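Student: Provided below: entry_10.csv, containing CSV, C-alpha atoms.
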chain,number,residue,atom,x,y,z
A,1,GLU,CA,0.0,0.0,0.0
A,2,ASP,CA,1.3,3.4,-0.9
A,3,LYS,CA,2.2,5.6,2.0
A,4,VAL,CA,3.1,9.3,2.6
A,5,VAL,CA,4.3,10.3,6.1
A,6,GLN,CA,4.8,13.9,7.1
A,7,SER,CA,6.5,15.2,10.2
A,8,PRO,CA,6.1,16.9,12.4
A,9,LEU,CA,2.3,16.8,12.5
A,10,SER,CA,2.2,20.3,14.1
A,11,LEU,CA,4.7,23.0,14.7
A,12,VAL,CA,4.6,26.4,16.5
A,13,VAL,CA,7.3,29.0,15.7
A,14,HIS,CA,7.8,32.7,16.1
A,15,GLU,CA,7.8,35.1,13.2
A,16,GLY,CA,11.3,35.3,11.6
A,17,ASP,CA,12.1,31.7,12.4
A,18,THR,CA,13.1,29.2,9.7
A,19,VAL,CA,11.2,25.9,9.5
A,20,THR,CA,11.8,22.6,7.8
A,21,LEU,CA,8.9,20.3,7.0
A,22,ASN,CA,9.5,16.7,6.2
A,23,CYS,CA,7.8,14.2,3.9
A,24,SER,CA,8.8,10.6,3.3
A,25,TYR,CA,7.1,8.2,1.0
A,26,GLU,CA,6.7,4.7,-0.3
A,27,VAL,CA,4.9,4.3,-3.6
A,28,THR,CA,5.0,1.6,-6.1
A,29,ASN,CA,5.2,3.8,-9.2
A,30,PHE,CA,6.6,7.2,-8.3
A,31,ARG,CA,6.4,10.1,-10.8
A,32,SER,CA,6.3,13.3,-8.8
A,33,LEU,CA,6.0,14.8,-5.3
A,34,LEU,CA,3.8,17.8,-4.7
A,35,TRP,CA,3.6,20.3,-1.9
A,36,TYR,CA,0.4,22.2,-1.2
A,37,LYS,CA,-0.5,24.9,1.3
A,38,GLN,CA,-4.0,24.8,2.8
A,39,GLU,CA,-5.5,27.6,4.9
A,40,LYS,CA,-9.2,27.6,5.5
A,41,LYS,CA,-10.2,26.4,2.1
A,42,ALA,CA,-8.7,24.6,-0.9
A,43,PRO,CA,-5.1,23.4,-1.1
A,44,THR,CA,-2.9,25.9,-3.1
A,45,PHE,CA,-0.2,24.3,-5.3
A,46,LEU,CA,3.3,25.2,-4.2
A,47,PHE,CA,5.8,22.9,-5.9
A,48,MET,CA,6.1,19.8,-8.0
A,49,LEU,CA,9.3,17.8,-7.7
A,50,THR,CA,10.3,15.1,-10.1
A,51,SER,CA,14.2,15.0,-10.0
A,52,SER,CA,16.5,14.4,-7.1
A,53,GLY,CA,18.7,17.2,-5.9
A,54,ILE,CA,17.2,20.1,-7.8
A,55,GLU,CA,15.9,22.8,-5.5
A,56,LYS,CA,12.7,24.5,-6.4
A,57,LYS,CA,12.4,28.0,-4.9
A,58,SER,CA,9.6,30.5,-4.7
A,59,GLY,CA,10.3,33.6,-2.5
A,60,ARG,CA,11.0,32.4,1.0
A,61,LEU,CA,9.9,28.8,0.3
A,62,SER,CA,12.1,26.1,-1.2
A,63,SER,CA,11.9,22.4,-1.6
A,64,ILE,CA,14.1,19.5,-2.6
A,65,LEU,CA,13.6,15.8,-3.3
A,66,ASP,CA,15.8,12.9,-2.6
A,67,LYS,CA,14.6,9.9,-4.6
A,68,LYS,CA,17.2,7.6,-3.2
A,69,GLU,CA,16.2,8.1,0.4
A,70,LEU,CA,12.5,8.7,-0.6
A,71,PHE,CA,11.9,12.0,1.1
A,72,SER,CA,11.4,15.7,0.5
A,73,ILE,CA,11.8,18.8,2.6
A,74,LEU,CA,10.0,22.1,2.5
A,75,ASN,CA,11.9,25.0,3.9
A,76,ILE,CA,10.3,28.3,4.9
A,77,THR,CA,12.7,31.1,5.9
A,78,ALA,CA,11.8,34.3,7.8
A,79,THR,CA,8.4,33.0,8.6
A,80,GLN,CA,5.4,35.3,8.7
A,81,THR,CA,2.0,34.9,10.3
A,82,GLY,CA,0.6,34.5,6.8
A,83,ASP,CA,2.5,31.3,6.5
A,84,SER,CA,0.3,29.7,9.1
A,85,ALA,CA,-1.5,26.8,7.4
A,86,VAL,CA,-1.5,23.1,6.9
A,87,TYR,CA,1.2,22.0,4.5
A,88,LEU,CA,0.3,18.9,2.5
A,89,CYS,CA,2.7,16.6,0.7
A,90,ALA,CA,1.3,14.4,-2.0
A,91,VAL,CA,2.9,11.8,-4.2
A,92,GLY,CA,1.7,10.7,-7.6
A,93,PRO,CA,0.8,8.6,-9.2
A,94,SER,CA,0.2,5.9,-6.8
A,95,ARG,CA,-1.3,4.4,-9.9
A,96,HIS,CA,-2.0,5.5,-13.4
A,97,SER,CA,-5.7,6.2,-13.5
A,98,GLY,CA,-6.1,6.2,-17.2
A,99,ALA,CA,-5.3,8.5,-20.1
A,100,GLY,CA,-2.9,10.9,-18.4
A,101,SER,CA,-4.7,11.4,-15.1
A,102,TYR,CA,-2.9,10.5,-11.9
A,103,GLN,CA,-4.0,9.6,-8.5
A,104,LEU,CA,-2.3,11.4,-5.6
A,105,THR,CA,-1.6,9.9,-2.2
A,106,PHE,CA,-1.7,12.6,0.4
A,107,GLY,CA,0.1,12.8,3.7
A,108,LYS,CA,-1.8,13.9,6.8
A,109,GLY,CA,-0.2,17.3,6.7
A,110,THR,CA,1.9,19.5,9.0
A,111,LYS,CA,0.0,22.2,10.8
A,112,LEU,CA,2.3,25.3,11.0
A,113,SER,CA,1.4,28.1,13.4
A,114,VAL,CA,3.5,31.3,13.2
A,115,ILE,CA,3.0,33.6,16.2
A,116,PRO,CA,4.0,37.2,16.2
B,1,ASP,CA,-8.0,31.7,-16.9
B,2,THR,CA,-5.9,29.8,-14.4
B,3,GLU,CA,-8.4,28.8,-11.8
B,4,VAL,CA,-10.9,26.1,-10.9
B,5,THR,CA,-14.3,27.4,-9.8
B,6,GLN,CA,-16.9,25.6,-7.7
B,7,THR,CA,-20.5,26.4,-6.9
B,8,PRO,CA,-22.1,26.7,-4.5
B,9,LYS,CA,-19.6,27.7,-1.8
B,10,HIS,CA,-21.9,26.4,1.0
B,11,LEU,CA,-24.8,23.9,0.8
B,12,VAL,CA,-27.1,22.7,3.5
B,13,MET,CA,-29.4,19.8,2.6
B,14,GLY,CA,-31.7,17.4,4.2
B,15,MET,CA,-31.3,13.6,3.8
B,16,THR,CA,-34.2,13.4,1.3
B,17,ASN,CA,-33.0,16.3,-0.9
B,18,LYS,CA,-31.4,16.1,-4.3
B,19,LYS,CA,-28.7,18.6,-5.1
B,20,SER,CA,-25.7,19.1,-7.4
B,21,LEU,CA,-22.2,20.5,-7.0
B,22,LYS,CA,-20.6,22.1,-10.0
B,23,CYS,CA,-17.0,22.5,-11.0
B,24,GLU,CA,-15.5,24.4,-14.0
B,25,GLN,CA,-12.1,25.0,-15.4
B,26,HIS,CA,-10.9,26.7,-18.5
B,27,MET,CA,-7.2,25.7,-18.4
B,28,GLY,CA,-7.6,23.0,-21.0
B,29,HIS,CA,-7.0,20.3,-18.5
B,30,ARG,CA,-8.5,16.9,-19.5
B,31,ALA,CA,-8.3,15.2,-16.1
B,32,MET,CA,-10.7,16.3,-13.4
B,33,TYR,CA,-11.1,15.0,-9.8
B,34,TRP,CA,-13.6,15.0,-6.9
B,35,TYR,CA,-12.2,14.8,-3.4
B,36,LYS,CA,-13.9,14.7,0.0
B,37,GLN,CA,-12.2,16.3,2.9
B,38,LYS,CA,-13.2,16.0,6.6
B,39,ALA,CA,-11.9,18.4,9.2
B,40,LYS,CA,-8.2,17.9,10.0
B,41,LYS,CA,-7.8,15.2,7.5
B,42,PRO,CA,-6.2,15.2,4.0
B,43,PRO,CA,-8.3,15.1,0.9
B,44,GLU,CA,-9.7,11.7,0.0
B,45,LEU,CA,-10.1,10.9,-3.7
B,46,MET,CA,-13.6,10.0,-4.8
B,47,PHE,CA,-13.6,10.1,-8.6
B,48,VAL,CA,-11.3,10.7,-11.5
B,49,TYR,CA,-12.3,11.7,-15.0
B,50,SER,CA,-9.9,11.4,-17.9
B,51,TYR,CA,-11.0,12.9,-21.3
B,52,GLU,CA,-14.5,13.0,-20.0
B,53,LYS,CA,-14.6,9.3,-19.1
B,54,LEU,CA,-14.8,8.0,-15.5
B,55,SER,CA,-11.5,6.2,-14.9
B,56,ILE,CA,-11.6,5.8,-11.1
B,57,ASN,CA,-14.4,5.4,-8.6
B,58,GLU,CA,-12.9,4.8,-5.2
B,59,SER,CA,-15.8,2.7,-3.9
B,60,VAL,CA,-18.0,5.7,-3.4
B,61,PRO,CA,-21.6,5.0,-2.4
B,62,SER,CA,-24.1,5.4,-5.2
B,63,ARG,CA,-25.8,8.3,-3.4
B,64,PHE,CA,-22.9,10.3,-5.0
B,65,SER,CA,-23.1,10.4,-8.8
B,66,PRO,CA,-20.5,12.2,-10.9
B,67,GLU,CA,-21.0,13.5,-14.4
B,68,CYS,CA,-18.6,15.1,-16.9
B,69,PRO,CA,-20.8,16.8,-19.6
B,70,ASN,CA,-17.7,18.3,-21.4
B,71,SER,CA,-14.0,18.9,-20.9
B,72,SER,CA,-14.6,22.0,-18.8
B,73,LEU,CA,-17.3,20.9,-16.5
B,74,LEU,CA,-17.6,18.4,-13.7
B,75,ASN,CA,-20.8,17.8,-11.6
B,76,LEU,CA,-21.4,15.8,-8.5
B,77,HIS,CA,-25.1,14.8,-8.0
B,78,LEU,CA,-26.2,14.2,-4.5
B,79,HIS,CA,-29.2,12.2,-3.3
B,80,ALA,CA,-30.3,10.7,0.0
B,81,LEU,CA,-27.1,11.7,1.8
B,82,GLN,CA,-26.3,10.9,5.4
B,83,PRO,CA,-25.1,13.4,8.1
B,84,GLU,CA,-21.7,11.7,7.9
B,85,ASP,CA,-21.4,12.9,4.3
B,86,SER,CA,-21.0,16.5,5.7
B,87,ALA,CA,-17.5,17.6,4.5
B,88,LEU,CA,-15.7,20.0,2.2
B,89,TYR,CA,-16.0,18.7,-1.4
B,90,LEU,CA,-13.0,19.7,-3.6
B,91,CYS,CA,-12.8,19.6,-7.3
B,92,ALA,CA,-9.4,19.6,-9.0
B,93,SER,CA,-8.0,19.5,-12.5
B,94,SER,CA,-4.6,18.6,-14.0
B,95,PRO,CA,-2.9,18.6,-17.3
B,96,THR,CA,-2.5,15.2,-18.9
B,97,ARG,CA,1.0,15.8,-20.3
B,98,VAL,CA,3.8,13.6,-18.9
B,99,LEU,CA,5.5,15.2,-15.9
B,100,ARG,CA,2.9,18.0,-15.7
B,101,ASN,CA,0.3,16.3,-13.6
B,102,GLU,CA,0.1,18.8,-10.7
B,103,GLN,CA,-3.5,19.2,-9.6
B,104,PHE,CA,-5.1,22.6,-9.1
B,105,PHE,CA,-7.9,22.7,-6.6
B,106,GLY,CA,-11.1,24.7,-6.6
B,107,PRO,CA,-12.2,26.6,-3.4
B,108,GLY,CA,-14.5,23.7,-2.4
B,109,THR,CA,-18.2,23.4,-1.4
B,110,ARG,CA,-18.8,23.1,2.3
B,111,LEU,CA,-21.7,20.6,2.5
B,112,THR,CA,-23.8,20.1,5.6
B,113,VAL,CA,-26.3,17.3,5.7
B,114,LEU,CA,-29.0,17.6,8.4
Could you write out this structure as structure tokens?
Tutor:
Amino acid sequence: EDKVVQSPLSLVVHEGDTVTLNCSYEVTNFRSLLWYKQEKKAPTFLFMLTSSGIEKKSGRLSSILDKKELFSILNITATQTGDSAVYLCAVGPSRHSGAGSYQLTFGKGTKLSVIP
Amino acid sequence: DTEVTQTPKHLVMGMTNKKSLKCEQHMGHRAMYWYKQKAKKPPELMFVYSYEKLSINESVPSRFSPECPNSSLLNLHLHALQPEDSALYLCASSPTRVLRNEQFFGPGTRLTVL
């Protein structure tokens, strides 16, 4: 059975801190790992990683994938209160669902709280 | 247009009602998805449509009936729901090109079944 494990499950930091969120996975047919940010509504796409060792960066957020050790990290530097959210890691496809669509397996998420 | 839209945003229905959730995207994505998300849990896949054909049904009860009338629209018809079906229902779409399968989510419909 495909599995995605995120750690920690929750984290409280002060504004300005740097945080690292972890995601490890076991899937039969790996194609990509995705990070999403979810506040009160729908998940917002952050990154998609397909190759080991290539850092993806967007502002204060960055992420990297290690396909040998089967994990990814999401870094957030100089955290702000607006970074408070649940960060979801998903791996796809756990199976090819036909004609170019791909099923994602989600982790349980890391709840990040940034306090002023 | 780079977003997925969903209507309604909120829905309250009784167990005998029939209602529909709607999802629309104009990004040219040919894969569309319905997810159910309960509080403090990750999204759970319900259905996948590829090129307007149902390709995955994750053992969802028949009181949920999906429909994909064209490449931009996805509906979820609801009938005789139970209170435990109350959840956030998310629609997503993705490109079907190799290595470009990131899914983009709509804002969701918050469903309450009384």
Student: May I ask which of the residues A:Lys41, A:Arg60, A:His14, A:Lys3 is the closest one to chain B, counting all atoms listed in the file?
Tutor: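 Once distances to chain B are computed over all atoms listed in the file, the minimum belongs to A:Lys41.
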Student: With a distance cut-off of 10 Å and all atoms listed in the file, select the neighbouring residues of Val12 (chain B), excluding the residue or stretch itself and same-chain residues fewer than 2 positions from it, and output the selection as number ranges by chain.
Tutor: B: 10, 14, 17, 19, 86, 110-114
Student: Would you give me, as a PDB file with C-alpha atoms, keeping the file's coordinate frame, the residues of chain A that come within 12 Å of chain B, using all atoms listed in the file?
Tutor:
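Final output, saved to selection-v4.pdb:
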ATOM      1  CA  VAL A   4       3.100   9.300   2.600  1.00  0.00           C
ATOM      2  CA  VAL A   5       4.300  10.300   6.100  1.00  0.00           C
ATOM      3  CA  GLN A   6       4.800  13.900   7.100  1.00  0.00           C
ATOM      4  CA  LEU A   9       2.300  16.800  12.500  1.00  0.00           C
ATOM      5  CA  SER A  10       2.200  20.300  14.100  1.00  0.00           C
ATOM      6  CA  PHE A  30       6.600   7.200  -8.300  1.00  0.00           C
ATOM      7  CA  ARG A  31       6.400  10.100 -10.800  1.00  0.00           C
ATOM      8  CA  SER A  32       6.300  13.300  -8.800  1.00  0.00           C
ATOM      9  CA  LEU A  33       6.000  14.800  -5.300  1.00  0.00           C
ATOM     10  CA  LEU A  34       3.800  17.800  -4.700  1.00  0.00           C
ATOM     11  CA  TRP A  35       3.600  20.300  -1.900  1.00  0.00           C
ATOM     12  CA  TYR A  36       0.400  22.200  -1.200  1.00  0.00           C
ATOM     13  CA  LYS A  37      -0.500  24.900   1.300  1.00  0.00           C
ATOM     14  CA  GLN A  38      -4.000  24.800   2.800  1.00  0.00           C
ATOM     15  CA  GLU A  39      -5.500  27.600   4.900  1.00  0.00           C
ATOM     16  CA  LYS A  40      -9.200  27.600   5.500  1.00  0.00           C
ATOM     17  CA  LYS A  41     -10.200  26.400   2.100  1.00  0.00           C
ATOM     18  CA  ALA A  42      -8.700  24.600  -0.900  1.00  0.00           C
ATOM     19  CA  PRO A  43      -5.100  23.400  -1.100  1.00  0.00           C
ATOM     20  CA  THR A  44      -2.900  25.900  -3.100  1.00  0.00           C
ATOM     21  CA  PHE A  45      -0.200  24.300  -5.300  1.00  0.00           C
ATOM     22  CA  LEU A  46       3.300  25.200  -4.200  1.00  0.00           C
ATOM     23  CA  PHE A  47       5.800  22.900  -5.900  1.00  0.00           C
ATOM     24  CA  MET A  48       6.100  19.800  -8.000  1.00  0.00           C
ATOM     25  CA  LEU A  49       9.300  17.800  -7.700  1.00  0.00           C
ATOM     26  CA  THR A  50      10.300  15.100 -10.100  1.00  0.00           C
ATOM     27  CA  SER A  51      14.200  15.000 -10.000  1.00  0.00           C
ATOM     28  CA  ALA A  85      -1.500  26.800   7.400  1.00  0.00           C
ATOM     29  CA  VAL A  86      -1.500  23.100   6.900  1.00  0.00           C
ATOM     30  CA  TYR A  87       1.200  22.000   4.500  1.00  0.00           C
ATOM     31  CA  LEU A  88       0.300  18.900   2.500  1.00  0.00           C
ATOM     32  CA  CYS A  89       2.700  16.600   0.700  1.00  0.00           C
ATOM     33  CA  ALA A  90       1.300  14.400  -2.000  1.00  0.00           C
ATOM     34  CA  VAL A  91       2.900  11.800  -4.200  1.00  0.00           C
ATOM     35  CA  GLY A  92       1.700  10.700  -7.600  1.00  0.00           C
ATOM     36  CA  PRO A  93       0.800   8.600  -9.200  1.00  0.00           C
ATOM     37  CA  SER A  94       0.200   5.900  -6.800  1.00  0.00           C
ATOM     38  CA  ARG A  95      -1.300   4.400  -9.900  1.00  0.00           C
ATOM     39  CA  HIS A  96      -2.000   5.500 -13.400  1.00  0.00           C
ATOM     40  CA  SER A  97      -5.700   6.200 -13.500  1.00  0.00           C
ATOM     41  CA  GLY A  98      -6.100   6.200 -17.200  1.00  0.00           C
ATOM     42  CA  ALA A  99      -5.300   8.500 -20.100  1.00  0.00           C
ATOM     43  CA  GLY A 100      -2.900  10.900 -18.400  1.00  0.00           C
ATOM     44  CA  SER A 101      -4.700  11.400 -15.100  1.00  0.00           C
ATOM     45  CA  TYR A 102      -2.900  10.500 -11.900  1.00  0.00           C
ATOM     46  CA  GLN A 103      -4.000   9.600  -8.500  1.00  0.00           C
ATOM     47  CA  LEU A 104      -2.300  11.400  -5.600  1.00  0.00           C
ATOM     48  CA  THR A 105      -1.600   9.900  -2.200  1.00  0.00           C
ATOM     49  CA  PHE A 106      -1.700  12.600   0.400  1.00  0.00           C
ATOM     50  CA  GLY A 107       0.100  12.800   3.700  1.00  0.00           C
ATOM     51  CA  LYS A 108      -1.800  13.900   6.800  1.00  0.00           C
ATOM     52  CA  GLY A 109      -0.200  17.300   6.700  1.00  0.00           C
ATOM     53  CA  THR A 110       1.900  19.500   9.000  1.00  0.00           C
ATOM     54  CA  LYS A 111       0.000  22.200  10.800  1.00  0.00           C
TER      55      LYS A 111
END
Student: Which value, in Å to one decimal, gives the distance between CA of Thr79 (chain A) and CA of Ala39 (chain B)?
Tutor: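 A separation of 25.0 Å between them.
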Student: Tell me which protein, DNA and RNA residues are within 7 Å of Thr7 (chain B), counting all atoms listed in the file, leaving out same-chain ones fewer than 3 positions away, and put them as a PyMOL selection string.
Tutor: chain B and resi 21-23+109
Student: Please determine, counting only C-alpha atoms, which residue among B:Leu78, B:Leu73, B:Met46, B:Met27 has the shortest atom-to-atom distance to Glu3 (chain B).
Tutor: B:Met27
Student: May I ask for the distance between CA of Lys56 (chain A) and CA of Cys23 (chain A), given in Å to one decimal place?
Tutor: 15.4 Å
Student: When you count all atoms listed in the file, which of these residues is closest to Met15 (chain B): B:Glu52, B:Glu58, B:Glu67, B:Asp85?
Tutor: B:Asp85
Student: How many Å lie between CA of Ser62 (chain A) and CA of Leu74 (chain A), rounded to one decimal?
Tutor: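 Going from CA of Ser62 (chain A) over to CA of Leu74 (chain A), I get 5.8 Å.
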Student: Tell me which of B:Val4, B:Ala80, B:Ala87, B:Cys68 sits closest to Gly28 (chain B), counting all atoms listed in the file.
Tutor: B:Val4
Student: Lys67 (chain A): which residues within 8 Å, counting all atoms listed in the file, same-chain residues fewer than 2 positions away excluded, as a list in words?
Tutor: Ser51, Ser52, Leu65, Glu69, Leu70 and Phe71 of chain A
